[in-house]
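Participant: work-v1.txt is reproduced below (compact mmCIF, C-alpha atoms).
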# COMPACT_ATOMS: atom_id res chain seq x y z
CA MET A 269 1.15 15.00 -1.65
CA MET A 270 0.08 12.41 -4.17
CA ILE A 271 2.19 9.31 -4.55
CA ASP A 272 2.36 7.47 -7.84
CA ALA A 273 2.79 4.01 -6.37
CA ASN A 274 3.88 2.66 -9.75
CA LEU A 275 7.08 4.68 -9.53
CA LEU A 276 8.15 3.34 -6.15
CA PRO A 277 10.11 0.11 -5.63
CA PHE A 278 7.94 -0.81 -2.62
CA SER A 279 4.26 -0.87 -1.68
CA VAL A 280 2.70 2.17 -0.02
CA ASP A 281 -0.89 0.93 0.13
CA GLU A 282 -0.87 0.58 3.92
CA LEU A 283 1.51 3.49 4.52
CA VAL A 284 -0.90 6.05 3.12
CA LYS A 285 -3.64 4.74 5.44
CA SER A 286 -1.53 5.25 8.56
CA LYS A 287 -2.08 7.98 11.11
CA ALA A 288 1.62 8.82 11.00
CA TRP A 289 1.45 9.49 7.27
CA HIS A 290 -1.59 11.71 7.63
CA ASP A 291 0.01 13.62 10.51
CA ALA A 292 3.28 14.18 8.62
CA THR A 293 3.96 17.44 6.85
CA PRO A 294 4.61 17.39 3.09
CA GLU A 295 8.32 17.95 3.82
CA GLN A 296 8.40 14.99 6.22
CA ARG A 297 6.67 12.82 3.62
CA ARG A 298 9.18 13.83 0.94
CA LYS A 299 12.06 13.13 3.30
CA PHE A 300 10.64 9.72 4.17
CA ILE A 301 10.05 8.73 0.54
CA SER A 302 13.54 9.93 -0.41
CA ALA A 303 15.18 8.01 2.45
CA SER A 304 13.10 4.93 1.62
CA ILE A 305 14.08 4.93 -2.03
CA THR A 306 17.72 5.44 -1.10
CA PHE A 307 17.62 2.58 1.42
CA ASP A 308 15.84 0.30 -1.05
CA THR A 309 18.28 1.09 -3.85
CA VAL A 310 21.44 0.64 -1.79
CA LEU A 311 20.31 -2.57 -0.12
CA THR A 312 19.16 -4.03 -3.44
CA HIS A 313 22.52 -3.18 -5.01
CA TYR A 314 24.51 -4.94 -2.28
CA ALA A 315 22.18 -7.94 -2.06
CA ASP A 316 22.35 -8.42 -5.83
CA LYS A 317 26.12 -7.93 -5.87
CA TYR A 318 26.69 -10.67 -3.29
CA ARG A 319 24.07 -13.02 -4.74
CA GLU A 320 25.78 -12.81 -8.14
CA LYS A 321 28.92 -14.35 -6.62
CA LYS A 322 27.04 -17.66 -6.40
CA THR A 323 29.00 -18.71 -3.33
CA ILE A 324 27.73 -19.80 0.05
CA LYS A 325 29.11 -16.64 1.65
CA GLY A 326 27.63 -14.39 -1.06
CA GLU A 327 24.22 -16.03 -0.82
CA PHE A 328 24.34 -15.82 2.97
CA ILE A 329 25.06 -12.07 2.86
CA ALA A 330 22.32 -11.48 0.28
CA CYS A 331 19.72 -13.47 2.23
CA VAL A 332 20.44 -11.76 5.54
CA LEU A 333 20.34 -8.35 3.84
CA TRP A 334 16.88 -9.16 2.48
CA ASP A 335 15.72 -10.38 5.90
CA PHE A 336 16.96 -7.09 7.36
CA TYR A 337 15.19 -5.14 4.60
CA TYR A 338 11.87 -6.83 5.29
CA ASP A 339 12.20 -6.49 9.05
CA LEU A 340 13.27 -2.85 9.15
CA PHE A 341 11.36 -1.53 6.18
CA CYS A 342 8.80 -3.64 4.30
CA ASN A 343 6.95 -5.24 7.20
CA PRO A 344 6.16 -1.92 8.91
CA LEU A 345 5.04 -0.37 5.62
CA GLU A 346 2.94 -3.27 4.39
CA GLN A 347 1.16 -4.58 7.50
CA GLY A 348 -1.92 -2.58 8.33
CA ASN A 349 -1.10 -0.44 11.32
CA GLY A 350 2.51 -1.67 11.30
CA PHE A 351 3.86 1.72 10.31
CA ASP A 352 2.15 3.48 13.21
CA PHE A 353 3.29 0.75 15.59
CA GLU A 354 6.90 0.91 14.34
CA LEU A 355 7.02 4.67 14.72
CA ASP A 356 5.45 4.57 18.17
CA TYR A 357 7.55 1.70 19.51
CA TYR A 358 10.97 2.53 18.07
CA TYR A 359 10.93 6.16 16.97
CA GLU A 360 8.74 8.02 19.48
CA ASN A 361 6.10 8.69 16.79
CA ASP A 362 8.61 10.75 14.84
CA ILE A 363 8.65 9.97 11.12
CA ASP A 364 11.81 12.09 10.80
CA GLN A 365 13.71 9.71 13.12
CA TYR A 366 12.65 6.76 11.00
CA SER A 367 13.67 8.58 7.82
CA GLU A 368 17.04 9.40 9.34
CA ARG A 369 17.54 5.77 10.37
CA LEU A 370 16.84 4.55 6.84
CA LEU A 371 19.14 7.17 5.34
CA ASP A 372 21.89 6.41 7.85
CA GLU A 373 21.69 2.71 6.99
CA ALA A 374 21.82 3.50 3.28
CA LEU A 375 24.80 5.82 3.65
CA HIS A 376 26.87 3.20 5.51
CA PRO A 377 26.31 -0.15 3.79
CA LYS A 378 29.86 -1.29 4.51
CA ARG A 379 28.73 -1.75 8.13
CA TRP A 380 26.30 -4.42 6.92
CA ILE A 381 28.92 -6.24 4.93
CA LYS A 382 31.49 -6.12 7.73
CA ALA A 383 28.95 -7.43 10.27
CA LEU A 384 27.75 -10.19 7.95
CA LYS A 385 31.25 -11.31 7.05
CA GLN A 386 31.91 -11.58 10.79
CA ALA A 387 28.67 -13.55 11.24
CA TYR A 388 29.73 -15.86 8.43
CA ARG A 389 33.16 -16.44 9.96
CA GLU A 390 31.65 -17.18 13.36
CA ASN A 391 28.99 -19.54 11.98
CA LYS A 392 30.58 -20.91 8.81
CA ALA A 393 30.25 -24.60 9.67
CA LYS A 394 26.60 -24.23 10.66
CA ILE A 395 25.79 -22.19 7.53
CA ILE A 396 27.49 -24.71 5.24
CA GLU A 397 25.73 -27.57 7.00
CA GLY A 398 22.39 -25.79 6.49
CA ALA A 399 23.13 -25.39 2.78
CA THR A 400 24.10 -29.02 2.29
CA LYS A 401 21.50 -31.43 0.94
CA GLU A 402 21.27 -35.01 2.19
CA ASN A 403 23.28 -36.24 -0.78
CA GLY A 404 26.14 -33.85 0.10
CA ASP A 405 25.50 -31.31 -2.65
CA ILE A 406 25.41 -27.62 -1.81
CA ASP A 407 22.09 -25.89 -2.49
CA LEU A 408 22.32 -22.11 -2.20
CA ASP A 409 18.52 -21.88 -1.93
CA LEU A 410 18.69 -23.63 1.45
CA ILE A 411 20.65 -20.73 2.94
CA ASN A 412 17.51 -18.60 2.92
CA ASP A 413 15.81 -21.06 5.31
CA ASP A 414 18.11 -20.11 8.19
CA SER A 415 19.29 -16.61 7.30
CA VAL A 416 16.75 -14.79 9.46
CA GLU A 417 18.51 -15.93 12.62
CA TYR A 418 21.57 -13.88 11.62
CA ARG A 419 19.65 -10.65 11.02
CA ASP A 420 20.45 -9.42 14.55
CA TYR A 421 24.07 -8.88 13.48
CA LEU A 422 22.79 -5.81 11.62
CA TYR A 423 21.06 -4.17 14.58
Show the structure stored in the file as structure tokens.

Facilitator:
Amino acid sequence: MMIDANLLPFSVDELVKSKAWHDATPEQRRKFISASITFDTVLTHYADKYREKKTIKGEFIACVLWDFYYDLFCNPLEQGNGFDFELDYYYENDIDQYSERLLDEALHPKRWIKALKQAYRENKAKIIEGATKENGDIDLDLINDDSVEYRDYLY
């Protein structure tokens, strides 16, 4: 199966070098690409939706969603043998399990939002403090500096 990398919203340069990719059947590859595109599209939609609100809470949700995206999806695909490691460590070397995980996440995005709203409620003062510059102004860009520590709410 040939992949036109220009048509995908993520990099597959390292993926296609992985043992797991070479061992996968064409059907497994199609399923993985389909689940990946679905996951990417849904997460991007929700991250953009909340970022557009231009509020501390909206920016917080968007930043944590992107941290989750990179942790669950991009890092394994883009880091050398990361895909093989991810499959071995978390999915028993079964690309179908990983595909199903991505698709399950994409089909239930409200879980993300519910968990992140809870995280925001529980940590609101700390999040606001992290987004506040020395002069007292709110800087939404500062939220990204600390958002990774809230990613565990999505696992």

Participant: Kindly give the distance, in Å, that separates CA of Arg319 in chain A and CA of Asp339 in chain A, rounded to a single decimal.

Facilitator: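 Separation of CA of Arg319 in chain A and CA of Asp339 in chain A: 19.3 Å.
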
Participant: Determine the axis-aligned bounding box of all atoms of range 352-365 of chain A present in the file, pad each side by 4 Å, and express its centre and edge lengths in Å to one decimal place as lines of an AutoDock Vina configuration file.

Facilitator:
center_x = 7.9
center_y = 6.4
center_z = 15.2
size_x = 19.6
size_y = 19.3
size_z = 16.7

Participant: Give the answer as one residue: which of A:Phe351, A:Trp289, A:Phe328, A:Phe300 has the shortest atom-to-atom distance to Ile411 in chain A, using only C-alpha atoms?

Facilitator: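 Answer, going by the shortest atom-to-atom distance: A:Phe328.
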
Participant: For CA of Gly398 in chain A and CA of Ala330 in chain A, determine how far apart the two atoms are, in Å to one decimal place.

Facilitator: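 Spanning CA of Gly398 in chain A to CA of Ala330 in chain A is a straight-line distance of 15.6 Å.
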
Participant: Near Tyr366 in chain A, within 8 Å and counting all atoms listed in the file, which residues show up once chain neighbours fewer than 4 positions away are dropped, as an MDAnalysis selection string?

Facilitator: chainID A and resid 300 355 359 362 370

Participant: Quick one: residues within 9 Å of Pro277 in chain A, all atoms listed in the file counted, chain neighbours fewer than 6 positions away excluded, as a PyMOL selection string?

Facilitator: chain A and resi 305+308-309

Participant: Write a file of the just-selected residues containing C-alpha atoms, as a PDB file, in the coordinates of the input.

Facilitator:
ATOM      1  CA  ILE A 305      14.080   4.930  -2.030  1.00  0.00           C
ATOM      2  CA  ASP A 308      15.840   0.300  -1.050  1.00  0.00           C
ATOM      3  CA  THR A 309      18.280   1.090  -3.850  1.00  0.00           C
TER       4      THR A 309
END

Participant: Looking at only C-alpha atoms, which of A:Val416, A:Ile381, A:Leu283, A:Leu276 is the one that sits closest to Tyr318 in chain A?

Facilitator: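 Looking at the shortest contact to Tyr318 in chain A, the residue is A:Ile381.
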
Participant: Counting all atoms listed in the file, which of A:Lys378, A:Ser304, A:Ser286, A:Asp352 gets nearest to Leu333 in chain A?

Facilitator: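 Of the candidates, the smallest distance to Leu333 in chain A is held by A:Lys378.
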
Participant: Nearest to Leu311 in chain A: which of A:Leu345, A:Asp335, A:Lys394, A:Gln386 is it, counting all atoms listed in the file?

Facilitator: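 Of A:Leu345, A:Asp335, A:Lys394, A:Gln386, the one nearest Leu311 in chain A is A:Asp335, counting all atoms listed in the file.
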
Participant: Closest to Glu373 in chain A among A:Tyr423, A:Glu354, A:Gln296, A:Phe278, using all atoms listed in the file?

Facilitator: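 Result for the nearest residue to Glu373 in chain A: A:Tyr423.
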
Participant: How many Å separate CA of Asp413 in chain A from CA of Tyr337 in chain A?

Facilitator: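 The value is 15.9 Å.
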
Participant: List as a list in words the residues having at least one atom at most 9 Å from position (18.9, -10.1, 7.4) as given in the file, counting all atoms listed in the file.

Facilitator: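 The requested residues, written out, are Ile329, Ala330, Cys331, Val332, Leu333, Trp334, Asp335, Phe336, Tyr337, Tyr338, Asp339, Leu384, Ser415, Val416, Glu417, Tyr418, Arg419, Asp420, Tyr421 and Leu422 of chain A.
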
Participant: My list of candidates is A:Lys299, A:Pro377, A:Ala399, A:Leu408. Which is closest to Ala315 in chain A when distances are computed with all atoms listed in the file?

Facilitator: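 Under the stated criterion, the closest residue is A:Pro377.
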